[in-house]
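Novice: Attaching a single structure in C-alpha cells format; questions to follow.
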Amino acid sequence: MDDRPIPVAQACGYLLEQAHSVNETELVTLNKALGRVLAVPIISPIDLPVWDQSAMDGYAINSADLTANQTDWSISQRIAAGQASAPLLPHTTARIFTGAPLPIGANTVIVQEACQVNDNRMQLIDSTMSAAIKPGANVRRRGEDVANGQTLITPGTRLQPQHLALIAAVGIDAISVYRRVRVAIIASGDELVPPGQSLNAGQIYNSNSTLLTGLLTQLECDVLECGQVNDNRAATELLLTQAAANADLVIVSGGVSVGDEDHVRPAIAQLGTVELTQVAMRPGKPLVFGHIGTTPILATPGNPVSLFVTFHLFARPLILVMQGILGIVTPPTIPARAAFNWSKPDKRCEYHRARLEWTDAGQAMVQVFPSRSSAAITSLTWANGLVMIPPHTTLIEGDAVTFLPFYSPL
Ligand SMILES: Nc1nc2c(c(=O)[nH]1)N[C@H]1C(S)=C(S)[C@@H](COP(=O)(O)OP(=O)(O)OC[C@H]3O[C@@H](n4cnc5c(N)ncnc54)[C@H](O)[C@@H]3O)O[C@H]1N2
Ligand code: MOO
C-alpha cells in the first residue's frame with residue numbers, strides 16, 4: 001500500500017463512500033427519542049390548530065356585524081381554553097380567551113383592550129375603529145400550521161426538542177428511530193493507567209478513553225469500553241477481534257505510528273484490511289482505517305489532541321452516516337479573519353486549536369493556542385474550534401481563515 005499521506009478530503013471521502021447506515025429500527029416513546037435519528041417519516045394525523053381558535057383574550061364576533069351599524073353586542077357565551085363553544089347567536093359576541101375554540105358563526109376576535117363592557121353588552125372603546133378590524137383578525141385558522149396528512153419530519157433527521165414537540169403536538173407518542181450505533185473503544189499503550197490509581201515510573205493516565213466516551217455519548221452512540229491493551233501484537237489482535245465482533249465500529253487510540261511498539265496497523269492488516277493510512281494533516285497524520293470482517297476500524301494517533309481532531313474530521317462524519325443522518329455530515333465551517341500571524345507553515349494541512357470571537361463590529365476573529373503540541377490537552381479546553389491552515393501557507397493578522405466549530409448541529 002502506498003504510504004504517502006493523502007489529503008483530508010480524499011480520506012474523508014473514502015470513509016463516507018464505504019459507510020452504510022445501521023438499518024435496524026426500534027420504536028421509542030417521545031421522552032426517549034431526544035437525539036435519536038428518525039427512521040420513518042412523521043405524517044400528521046390531524047390539522048393544527050385542530051379547530052379555529054382565538055389568538056387573544058377578547059370578544060369573538062362575526063365581522064359582518066362590524067359594518068352593520070351595530071355599536072354594541074350582547075355577550076351570549078363565555079369560552080375559555082379547554083371548553084367547547086356553542087354556535088354564536090346572530091348579532092352577539094362571545095367572551096373568549098386565548099386558545100379557546102372560536103364559535104361557529106364568528107370569524108374575528110377583538111382584543112379586550114379595545115372593548116368595554118356594560119350590562120353584559122360589549123362596545124368598542126373607540127367606535128370609529130370598527131372599520132379597521134379585519135375579518136379573521138386574531139384567529140388561528142384550523143390547519144394553518146399543519147394540514148392532516150402533511151409530512152412533518154423526514155427520515156434521517158436527528159430529533160431535537162422542537163421536533164419532539166411537533167410530534168407531540170399532533171398526538172403521536174411513539175416513533176420509529178434507527179437503533180443506536182455501537183462503538184467499541186480501545187486504548188493502546190503499555191504506559192496507560194486508569195485515573196484514580198497511582199502512577200509508577202513511565203506511566204500516564206488514560207484520558208483518551210474518557211475523551212472518546214464523551215464524544216461518542218454526545219453523538220448518541222452506545223459505547224463498548226474495551227479498556228486498555230498493552231503494546232503486544234497478540235493482545236492487540238485478540239482485543240480487536242472481540243471488539244470488531246461486538247460493535248458496528250471500532251475506534252482505537254494509540255499504537256498507530258511506525259515504532260516497534262506500534263502494533264495496531266499490522267494487527268488490523270493481519271485480521272482484515274488496512275485501506276487507508278497516513279493523512280496529510282497535522283495533527284493526526286498516522287491515522288489508519290480498515291475493516292475486520294464487515295466492521296470498520298478507525299485507529300487514531302494516541303496524542304489526545306490528535307485523537308480529538310481526527311474524531312472531529314473523520315469519526316464524526318462516519319458515525320453520522322452510520323446513524324442514518326441524511327444531509328451534510330462533514331464539519332461545518334465559518335469564514336473568519338486571523339487574529340494571529342502564522343510564519344512557520346507545515347507541508348501538511350494544519351488543524352490548529354483556535355478560539356472564535358466576534359468583534360463589536362460583528363467580525364469573526366480567530367485566535368490560536370500558543371502551542372502546536374498534539375499532547376497539549378489544555379488546548380482543547382481553551383479552544384472552541386479548529387482553524388484550518390492549508391499546507392505551506394503563511395498568514396498575517398486580518399487574513400481570511402476557515403474555522404471549524406467544535407459543537408455543530410446533527
Ligand atoms: N519516527 C516517527 N515517530 C513518530 C511519528 C512518525 O511519523 N515517525 N509520528 C508521530 C506522530 S505525528 C504521532 S501523532 C504519534 C502517534 O503515535 P501513536 O499513535 O503510535 O501513539 P502512541 O505512541 O501510542 O502515543 C502518542 C502519545 O499519546 C499518549 N497516549 C497514548 N494513548 C493515550 C491515552 N489513552 N490517554 C492519554 N495519552 C495517550 C502516549 O503516551 C504518547 O505520549 O507518533 C509520533 N511518532
Ligand atoms: O500527527 Mo501527530 O498527531 O502530529 O502529533
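Just so we're on the same page: first chain in the C-alpha cells is A, next is B, and so on; residues restart at 1 for each chain, and ligands are numbered from 1 in the order they show up.
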Wanna dump the chain A-ligand 2 contacts at 10 Å for me, each residue with its shortest atom pair and the distance in Å to one decimal, counting only C-alpha atoms and all ligand atoms, ordered by chain and number, as CSV?

Specialist:
residue,atom,partner,partner_atom_place_in_ligand_line,distance
A:Gly254,CA,ligand 2,3 (O),10.0
A:Ser257,CA,ligand 2,2 (Mo),9.0
A:Gln278,CA,ligand 2,1 (O),9.0
A:Val279,CA,ligand 2,1 (O),8.7
A:Ala280,CA,ligand 2,1 (O),8.9
A:Met281,CA,ligand 2,1 (O),6.9
A:Arg282,CA,ligand 2,4 (O),4.7
A:Pro283,CA,ligand 2,4 (O),3.4
A:Gly284,CA,ligand 2,1 (O),3.5
A:Lys285,CA,ligand 2,1 (O),4.1
A:Pro286,CA,ligand 2,1 (O),5.9
A:Leu287,CA,ligand 2,1 (O),8.0
A:Thr300,CA,ligand 2,3 (O),8.3
A:Pro301,CA,ligand 2,3 (O),5.7
A:Gly302,CA,ligand 2,3 (O),7.6
A:Asn303,CA,ligand 2,3 (O),6.1
A:Pro304,CA,ligand 2,3 (O),8.4
A:Val305,CA,ligand 2,3 (O),7.0
A:Ser306,CA,ligand 2,3 (O),4.2
A:Leu307,CA,ligand 2,3 (O),7.4
A:Phe308,CA,ligand 2,3 (O),9.6
A:Val309,CA,ligand 2,3 (O),8.5
A:Thr310,CA,ligand 2,3 (O),8.6
A:Arg348,CA,ligand 2,4 (O),9.4
A:Glu350,CA,ligand 2,4 (O),9.1
A:Tyr351,CA,ligand 2,4 (O),9.9
A:Arg372,CA,ligand 2,4 (O),8.7
A:Ser373,CA,ligand 2,5 (O),6.8
A:Ser374,CA,ligand 2,5 (O),4.6
A:Ala375,CA,ligand 2,5 (O),7.2
A:Ala376,CA,ligand 2,5 (O),9.9

Novice: Can you list every residue in range 91-307 of chain A that DSSP puts in helix (DSSP H, G or I), as a short mmCIF file (atom, residue, chain, number, x, y, z; two decimals) with all heavy atoms, in the first residue's frame?

Specialist:
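Written file, result_0.cif:
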data_model
loop_
_atom_site.label_atom_id
_atom_site.label_comp_id
_atom_site.auth_asym_id
_atom_site.auth_seq_id
_atom_site.Cartn_x
_atom_site.Cartn_y
_atom_site.Cartn_z
N GLN A 112 -59.44 42.48 24.09
CA GLN A 112 -60.25 43.07 25.15
C GLN A 112 -59.83 44.51 25.46
O GLN A 112 -60.64 45.31 25.92
CB GLN A 112 -60.20 42.20 26.42
CG GLN A 112 -58.85 42.10 27.07
CD GLN A 112 -58.88 41.08 28.21
OE1 GLN A 112 -59.43 39.99 28.06
NE2 GLN A 112 -58.33 41.46 29.34
N GLU A 113 -58.55 44.87 25.14
CA GLU A 113 -58.09 46.24 25.41
C GLU A 113 -58.87 47.26 24.58
O GLU A 113 -58.90 48.45 24.93
CB GLU A 113 -56.59 46.37 25.08
CG GLU A 113 -55.66 45.61 26.01
CD GLU A 113 -55.43 44.16 25.61
OE1 GLU A 113 -56.30 43.57 24.93
OE2 GLU A 113 -54.39 43.61 25.99
N ALA A 114 -59.48 46.80 23.47
CA ALA A 114 -60.23 47.73 22.60
C ALA A 114 -61.71 47.79 22.99
O ALA A 114 -62.49 48.48 22.34
CB ALA A 114 -60.09 47.30 21.14
N SER A 127 -65.50 53.69 18.73
CA SER A 127 -66.36 53.04 17.74
C SER A 127 -65.86 53.28 16.32
O SER A 127 -66.18 52.53 15.40
CB SER A 127 -67.80 53.52 17.89
OG SER A 127 -67.84 54.91 17.68
N THR A 128 -65.05 54.35 16.13
CA THR A 128 -64.55 54.61 14.76
C THR A 128 -63.53 53.55 14.33
O THR A 128 -63.15 53.47 13.17
CB THR A 128 -63.87 56.00 14.66
OG1 THR A 128 -62.72 55.99 15.50
CG2 THR A 128 -64.81 57.12 15.08
N MET A 129 -63.08 52.73 15.29
CA MET A 129 -62.08 51.71 14.97
C MET A 129 -62.68 50.49 14.29
O MET A 129 -61.97 49.62 13.79
CB MET A 129 -61.35 51.24 16.25
CG MET A 129 -60.45 52.29 16.87
SD MET A 129 -59.22 52.86 15.69
CE MET A 129 -58.23 51.39 15.55
N SER A 130 -64.01 50.40 14.28
CA SER A 130 -64.61 49.15 13.82
C SER A 130 -64.24 48.84 12.37
O SER A 130 -64.03 47.69 11.99
CB SER A 130 -66.13 49.16 14.03
OG SER A 130 -66.74 49.91 13.03
N ALA A 131 -64.10 49.88 11.55
CA ALA A 131 -63.76 49.65 10.14
C ALA A 131 -62.35 49.09 9.99
O ALA A 131 -62.02 48.46 8.98
CB ALA A 131 -63.89 50.96 9.36
N ALA A 132 -61.51 49.36 11.02
CA ALA A 132 -60.11 48.93 10.92
C ALA A 132 -59.92 47.47 11.33
O ALA A 132 -58.85 46.91 11.13
CB ALA A 132 -59.23 49.83 11.79
N PRO A 161 -35.40 18.82 20.59
CA PRO A 161 -36.63 19.04 21.38
C PRO A 161 -37.78 19.60 20.55
O PRO A 161 -38.93 19.22 20.75
CB PRO A 161 -36.17 20.04 22.46
CG PRO A 161 -34.71 19.77 22.61
CD PRO A 161 -34.21 19.40 21.24
N GLN A 162 -37.46 20.48 19.62
CA GLN A 162 -38.55 21.08 18.83
C GLN A 162 -39.21 20.07 17.89
O GLN A 162 -40.41 20.15 17.63
CB GLN A 162 -38.05 22.33 18.07
CG GLN A 162 -36.90 22.11 17.11
CD GLN A 162 -35.53 22.25 17.77
OE1 GLN A 162 -35.34 21.89 18.92
NE2 GLN A 162 -34.57 22.77 17.01
N HIS A 163 -38.42 19.10 17.38
CA HIS A 163 -39.04 18.05 16.58
C HIS A 163 -40.00 17.23 17.44
O HIS A 163 -41.11 16.90 17.03
CB HIS A 163 -37.98 17.10 16.01
CG HIS A 163 -37.03 17.76 15.06
ND1 HIS A 163 -35.69 17.86 15.30
CD2 HIS A 163 -37.25 18.38 13.87
CE1 HIS A 163 -35.11 18.49 14.29
NE2 HIS A 163 -36.04 18.82 13.41
N LEU A 164 -39.53 16.90 18.64
CA LEU A 164 -40.36 16.07 19.52
C LEU A 164 -41.63 16.82 19.91
O LEU A 164 -42.71 16.22 20.02
CB LEU A 164 -39.56 15.66 20.76
CG LEU A 164 -38.29 14.84 20.44
CD1 LEU A 164 -37.54 14.51 21.72
CD2 LEU A 164 -38.65 13.57 19.69
N ALA A 165 -41.49 18.12 20.09
CA ALA A 165 -42.67 18.92 20.45
C ALA A 165 -43.69 18.91 19.31
O ALA A 165 -44.90 18.79 19.54
CB ALA A 165 -42.25 20.36 20.77
N LEU A 166 -43.21 19.01 18.08
CA LEU A 166 -44.13 18.98 16.94
C LEU A 166 -44.83 17.63 16.85
O LEU A 166 -46.05 17.56 16.60
CB LEU A 166 -43.34 19.27 15.65
CG LEU A 166 -44.10 19.24 14.34
CD1 LEU A 166 -45.30 20.19 14.35
CD2 LEU A 166 -43.18 19.58 13.16
N ILE A 167 -44.07 16.56 17.10
CA ILE A 167 -44.67 15.22 17.04
C ILE A 167 -45.73 15.08 18.15
O ILE A 167 -46.83 14.56 17.92
CB ILE A 167 -43.57 14.14 17.17
CG1 ILE A 167 -42.60 14.24 15.99
CG2 ILE A 167 -44.18 12.74 17.24
CD1 ILE A 167 -41.31 13.45 16.16
N ALA A 168 -45.39 15.59 19.32
CA ALA A 168 -46.36 15.55 20.43
C ALA A 168 -47.60 16.37 20.09
O ALA A 168 -48.72 15.97 20.40
CB ALA A 168 -45.70 16.08 21.71
N ALA A 169 -47.37 17.52 19.43
CA ALA A 169 -48.49 18.42 19.14
C ALA A 169 -49.51 17.78 18.20
O ALA A 169 -50.67 18.19 18.18
CB ALA A 169 -47.96 19.72 18.52
N ASN A 208 -7.70 9.23 26.96
CA ASN A 208 -8.38 9.07 25.66
C ASN A 208 -9.70 8.30 25.77
O ASN A 208 -10.65 8.59 25.03
CB ASN A 208 -7.47 8.36 24.66
CG ASN A 208 -6.37 9.28 24.14
OD1 ASN A 208 -6.37 10.47 24.44
ND2 ASN A 208 -5.44 8.72 23.39
N SER A 209 -9.73 7.33 26.68
CA SER A 209 -10.98 6.56 26.78
C SER A 209 -12.10 7.46 27.31
O SER A 209 -13.26 7.35 26.86
CB SER A 209 -10.79 5.35 27.69
OG SER A 209 -9.87 4.46 27.09
N THR A 210 -11.74 8.36 28.23
CA THR A 210 -12.75 9.30 28.74
C THR A 210 -13.16 10.26 27.63
O THR A 210 -14.36 10.57 27.47
CB THR A 210 -12.15 10.08 29.94
OG1 THR A 210 -11.75 9.14 30.92
CG2 THR A 210 -13.15 11.05 30.53
N LEU A 211 -12.18 10.72 26.87
CA LEU A 211 -12.47 11.65 25.77
C LEU A 211 -13.40 10.99 24.75
O LEU A 211 -14.43 11.55 24.35
CB LEU A 211 -11.15 12.06 25.10
CG LEU A 211 -11.22 13.03 23.94
CD1 LEU A 211 -11.86 14.34 24.35
CD2 LEU A 211 -9.82 13.30 23.38
N LEU A 212 -13.05 9.78 24.36
CA LEU A 212 -13.86 9.09 23.35
C LEU A 212 -15.26 8.77 23.87
O LEU A 212 -16.25 8.92 23.14
CB LEU A 212 -13.17 7.78 22.95
CG LEU A 212 -12.21 7.84 21.77
CD1 LEU A 212 -11.55 6.50 21.56
CD2 LEU A 212 -12.96 8.28 20.50
N THR A 213 -15.33 8.33 25.11
CA THR A 213 -16.65 8.01 25.68
C THR A 213 -17.53 9.26 25.63
O THR A 213 -18.71 9.19 25.25
CB THR A 213 -16.51 7.50 27.12
OG1 THR A 213 -15.72 6.32 27.09
CG2 THR A 213 -17.86 7.19 27.75
N GLY A 214 -16.96 10.39 25.99
CA GLY A 214 -17.73 11.64 25.97
C GLY A 214 -18.15 12.02 24.56
O GLY A 214 -19.31 12.36 24.31
N LEU A 215 -17.22 11.96 23.63
CA LEU A 215 -17.53 12.36 22.25
C LEU A 215 -18.61 11.45 21.66
O LEU A 215 -19.53 11.91 20.98
CB LEU A 215 -16.26 12.29 21.39
CG LEU A 215 -15.21 13.37 21.68
CD1 LEU A 215 -13.88 13.01 21.02
CD2 LEU A 215 -15.69 14.74 21.19
N LEU A 216 -18.50 10.18 21.97
CA LEU A 216 -19.48 9.22 21.42
C LEU A 216 -20.83 9.36 22.10
O LEU A 216 -21.88 9.23 21.47
CB LEU A 216 -18.94 7.80 21.57
CG LEU A 216 -17.72 7.49 20.68
CD1 LEU A 216 -17.03 6.21 21.12
CD2 LEU A 216 -18.16 7.39 19.21
N THR A 217 -20.80 9.64 23.39
CA THR A 217 -22.06 9.81 24.12
C THR A 217 -22.78 11.06 23.59
O THR A 217 -24.00 11.05 23.39
CB THR A 217 -21.81 9.90 25.63
OG1 THR A 217 -21.08 8.75 26.02
CG2 THR A 217 -23.11 9.98 26.42
N GLN A 218 -22.00 12.11 23.35
CA GLN A 218 -22.61 13.33 22.77
C GLN A 218 -23.27 13.03 21.43
O GLN A 218 -24.26 13.66 21.07
CB GLN A 218 -21.54 14.39 22.54
CG GLN A 218 -21.29 15.28 23.73
CD GLN A 218 -20.27 16.38 23.43
OE1 GLN A 218 -19.47 16.28 22.50
NE2 GLN A 218 -20.29 17.40 24.24
N ARG A 233 1.48 -7.58 20.14
CA ARG A 233 0.73 -7.90 18.92
C ARG A 233 -0.42 -8.88 19.18
O ARG A 233 -1.55 -8.66 18.73
CB ARG A 233 1.73 -8.48 17.91
CG ARG A 233 1.15 -8.94 16.62
CD ARG A 233 0.76 -7.77 15.72
NE ARG A 233 0.35 -8.34 14.46
CZ ARG A 233 1.15 -8.58 13.43
NH1 ARG A 233 2.41 -8.21 13.49
NH2 ARG A 233 0.70 -9.14 12.33
N ALA A 234 -0.14 -9.93 19.95
CA ALA A 234 -1.17 -10.95 20.17
C ALA A 234 -2.34 -10.36 20.96
O ALA A 234 -3.51 -10.58 20.62
CB ALA A 234 -0.58 -12.15 20.91
N ALA A 235 -2.01 -9.58 22.00
CA ALA A 235 -3.07 -8.98 22.81
C ALA A 235 -3.89 -8.00 21.98
O ALA A 235 -5.12 -7.93 22.09
CB ALA A 235 -2.46 -8.28 24.02
N THR A 236 -3.20 -7.26 21.13
CA THR A 236 -3.90 -6.28 20.27
C THR A 236 -4.84 -7.01 19.31
O THR A 236 -6.00 -6.62 19.14
CB THR A 236 -2.87 -5.43 19.49
OG1 THR A 236 -1.98 -4.83 20.42
CG2 THR A 236 -3.54 -4.37 18.66
N GLU A 237 -4.37 -8.09 18.73
CA GLU A 237 -5.22 -8.83 17.78
C GLU A 237 -6.43 -9.43 18.48
O GLU A 237 -7.55 -9.40 17.96
CB GLU A 237 -4.40 -9.94 17.09
CG GLU A 237 -3.45 -9.37 16.06
CD GLU A 237 -2.76 -10.44 15.21
OE1 GLU A 237 -3.23 -11.60 15.20
OE2 GLU A 237 -1.75 -10.10 14.58
N LEU A 238 -6.19 -9.94 19.69
CA LEU A 238 -7.30 -10.56 20.43
C LEU A 238 -8.39 -9.53 20.73
O LEU A 238 -9.58 -9.75 20.48
CB LEU A 238 -6.77 -11.20 21.72
CG LEU A 238 -7.82 -11.92 22.56
CD1 LEU A 238 -8.36 -13.14 21.80
CD2 LEU A 238 -7.23 -12.37 23.90
N LEU A 239 -7.96 -8.39 21.26
CA LEU A 239 -8.95 -7.38 21.63
C LEU A 239 -9.65 -6.81 20.40
O LEU A 239 -10.88 -6.57 20.41
CB LEU A 239 -8.30 -6.26 22.46
CG LEU A 239 -9.26 -5.44 23.31
CD1 LEU A 239 -10.09 -6.32 24.23
CD2 LEU A 239 -8.50 -4.40 24.15
N LEU A 240 -8.90 -6.59 19.33
CA LEU A 240 -9.51 -6.08 18.09
C LEU A 240 -10.55 -7.06 17.56
O LEU A 240 -11.63 -6.67 17.11
CB LEU A 240 -8.44 -5.86 17.03
CG LEU A 240 -7.71 -4.51 17.05
CD1 LEU A 240 -6.55 -4.52 16.07
CD2 LEU A 240 -8.66 -3.36 16.71
N THR A 241 -10.23 -8.35 17.63
CA THR A 241 -11.16 -9.38 17.12
C THR A 241 -12.46 -9.33 17.93
O THR A 241 -13.57 -9.33 17.36
CB THR A 241 -10.53 -10.78 17.25
OG1 THR A 241 -9.27 -10.75 16.59
CG2 THR A 241 -11.41 -11.85 16.63
N GLN A 242 -12.30 -9.27 19.26
CA GLN A 242 -13.51 -9.24 20.11
C GLN A 242 -14.31 -7.97 19.86
O GLN A 242 -15.54 -8.01 19.74
CB GLN A 242 -13.10 -9.30 21.59
CG GLN A 242 -12.57 -10.66 22.00
CD GLN A 242 -11.92 -10.62 23.38
OE1 GLN A 242 -11.69 -9.55 23.96
NE2 GLN A 242 -11.62 -11.80 23.90
N ALA A 243 -13.60 -6.84 19.78
CA ALA A 243 -14.29 -5.56 19.60
C ALA A 243 -15.04 -5.55 18.27
O ALA A 243 -16.22 -5.16 18.20
CB ALA A 243 -13.28 -4.42 19.67
N ALA A 244 -14.38 -6.01 17.21
CA ALA A 244 -15.00 -5.98 15.88
C ALA A 244 -16.22 -6.88 15.82
O ALA A 244 -17.19 -6.60 15.10
CB ALA A 244 -13.98 -6.40 14.81
N ALA A 245 -16.19 -7.96 16.59
CA ALA A 245 -17.32 -8.89 16.56
C ALA A 245 -18.53 -8.34 17.30
O ALA A 245 -19.66 -8.78 17.06
CB ALA A 245 -16.90 -10.23 17.18
N ASN A 246 -18.30 -7.37 18.17
CA ASN A 246 -19.39 -6.91 19.04
C ASN A 246 -19.84 -5.48 18.79
O ASN A 246 -20.64 -4.95 19.55
CB ASN A 246 -18.96 -7.04 20.51
CG ASN A 246 -18.88 -8.50 20.91
OD1 ASN A 246 -19.89 -9.20 20.88
ND2 ASN A 246 -17.69 -8.98 21.21
N VAL A 264 -0.93 -1.69 16.16
CA VAL A 264 -2.33 -1.63 15.72
C VAL A 264 -2.47 -1.85 14.22
O VAL A 264 -3.28 -2.68 13.77
CB VAL A 264 -2.98 -0.30 16.17
CG1 VAL A 264 -4.37 -0.14 15.57
CG2 VAL A 264 -3.04 -0.24 17.69
N ARG A 265 -1.66 -1.15 13.45
CA ARG A 265 -1.80 -1.27 12.00
C ARG A 265 -1.51 -2.71 11.51
O ARG A 265 -2.34 -3.27 10.78
CB ARG A 265 -0.90 -0.25 11.32
CG ARG A 265 -0.95 -0.33 9.84
CD ARG A 265 -0.08 0.73 9.20
NE ARG A 265 0.20 0.38 7.84
CZ ARG A 265 0.95 1.10 7.03
NH1 ARG A 265 1.50 2.21 7.46
NH2 ARG A 265 1.16 0.72 5.80
N PRO A 266 -0.38 -3.31 11.91
CA PRO A 266 -0.17 -4.70 11.45
C PRO A 266 -1.24 -5.66 11.97
O PRO A 266 -1.60 -6.62 11.28
CB PRO A 266 1.22 -5.07 11.99
CG PRO A 266 1.61 -3.99 12.93
CD PRO A 266 0.79 -2.78 12.63
N ALA A 267 -1.78 -5.38 13.14
CA ALA A 267 -2.83 -6.27 13.67
C ALA A 267 -4.08 -6.17 12.80
O ALA A 267 -4.70 -7.19 12.47
CB ALA A 267 -3.15 -5.91 15.12
N ILE A 268 -4.46 -4.96 12.41
CA ILE A 268 -5.65 -4.81 11.55
C ILE A 268 -5.39 -5.49 10.20
O ILE A 268 -6.24 -6.21 9.67
CB ILE A 268 -6.02 -3.32 11.34
CG1 ILE A 268 -6.32 -2.64 12.68
CG2 ILE A 268 -7.22 -3.18 10.39
CD1 ILE A 268 -6.45 -1.12 12.60
N ALA A 269 -4.17 -5.29 9.67
CA ALA A 269 -3.83 -5.89 8.38
C ALA A 269 -3.89 -7.42 8.47
O ALA A 269 -4.35 -8.09 7.53
CB ALA A 269 -2.44 -5.44 7.94
N GLN A 270 -3.46 -7.94 9.60
CA GLN A 270 -3.47 -9.40 9.78
C GLN A 270 -4.90 -9.93 9.85
O GLN A 270 -5.23 -10.97 9.28
CB GLN A 270 -2.71 -9.74 11.07
CG GLN A 270 -2.78 -11.18 11.51
CD GLN A 270 -2.09 -12.11 10.51
OE1 GLN A 270 -1.09 -11.72 9.87
NE2 GLN A 270 -2.63 -13.31 10.34
N LEU A 271 -5.76 -9.18 10.57
CA LEU A 271 -7.13 -9.67 10.82
C LEU A 271 -8.10 -9.31 9.69
O LEU A 271 -9.16 -9.93 9.56
CB LEU A 271 -7.66 -9.07 12.12
CG LEU A 271 -6.91 -9.44 13.39
CD1 LEU A 271 -7.34 -8.53 14.54
CD2 LEU A 271 -7.15 -10.89 13.75
N PRO A 304 -3.71 12.99 22.68
CA PRO A 304 -5.12 13.36 22.87
C PRO A 304 -5.64 14.38 21.86
O PRO A 304 -6.78 14.28 21.40
CB PRO A 304 -5.14 13.95 24.29
CG PRO A 304 -3.99 13.28 24.98
CD PRO A 304 -2.94 13.07 23.93
N VAL A 305 -4.79 15.34 21.48
CA VAL A 305 -5.26 16.35 20.53
C VAL A 305 -5.44 15.72 19.15
O VAL A 305 -6.39 16.01 18.43
CB VAL A 305 -4.28 17.55 20.47
CG1 VAL A 305 -4.72 18.55 19.42
CG2 VAL A 305 -4.17 18.21 21.84
N SER A 306 -4.55 14.80 18.81
CA SER A 306 -4.67 14.11 17.51
C SER A 306 -5.96 13.30 17.48
O SER A 306 -6.66 13.26 16.47
CB SER A 306 -3.48 13.19 17.27
OG SER A 306 -2.28 13.84 17.57
N LEU A 307 -6.25 12.67 18.59
CA LEU A 307 -7.49 11.89 18.68
C LEU A 307 -8.69 12.81 18.50
O LEU A 307 -9.61 12.52 17.72
CB LEU A 307 -7.56 11.18 20.05
CG LEU A 307 -8.92 10.61 20.42
CD1 LEU A 307 -9.37 9.53 19.44
CD2 LEU A 307 -8.90 10.04 21.84
#

Novice: Please provide as a VMD selection string all residues within 12 Å of Ala64 in chain A, with the sequence filter that same-chain residues fewer than 2 positions apart are discarded (counting only C-alpha atoms).

Specialist: chain A and resid 61 to 62 66 to 70 90 to 93 105 to 108 130 to 131 133 to 136

Novice: Which is closest to Glu261 in chain A among A:Ser85, A:Asn206, A:Thr378, A:Asn232, if we use only C-alpha atoms?

Specialist: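 Using only C-alpha atoms, the shortest distance to Glu261 in chain A belongs to A:Asn232.
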
Novice: What gap, in Å, lies between CA of Thr333 in chain A and CA of Val181 in chain A?

Specialist: 25.6 Å

Novice: Just list the residues in range 189-346 of chain A DSSP gives strand (DSSP E) on the backbone, as a ChimeraX atom specification.

Specialist: /A:192-193,204-205,222-229,249-253,273-277,281-282,288-292,295-300,334-338

Novice: Using Å and a single decimal, report how far CA of Ser54 in chain A sits from CA of Gln83 in chain A.

Specialist: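 Separation between CA of Gln83 in chain A and CA of Ser54 in chain A: 12.4 Å.
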
Novice: Taking only C-alpha atoms and all ligand atoms into account, name the residue in A:Thr273, A:Thr359, A:Gln203, A:Asn31 that is nearest to ligand 1.

Specialist: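 The closest residue to ligand 1 is A:Gln203.
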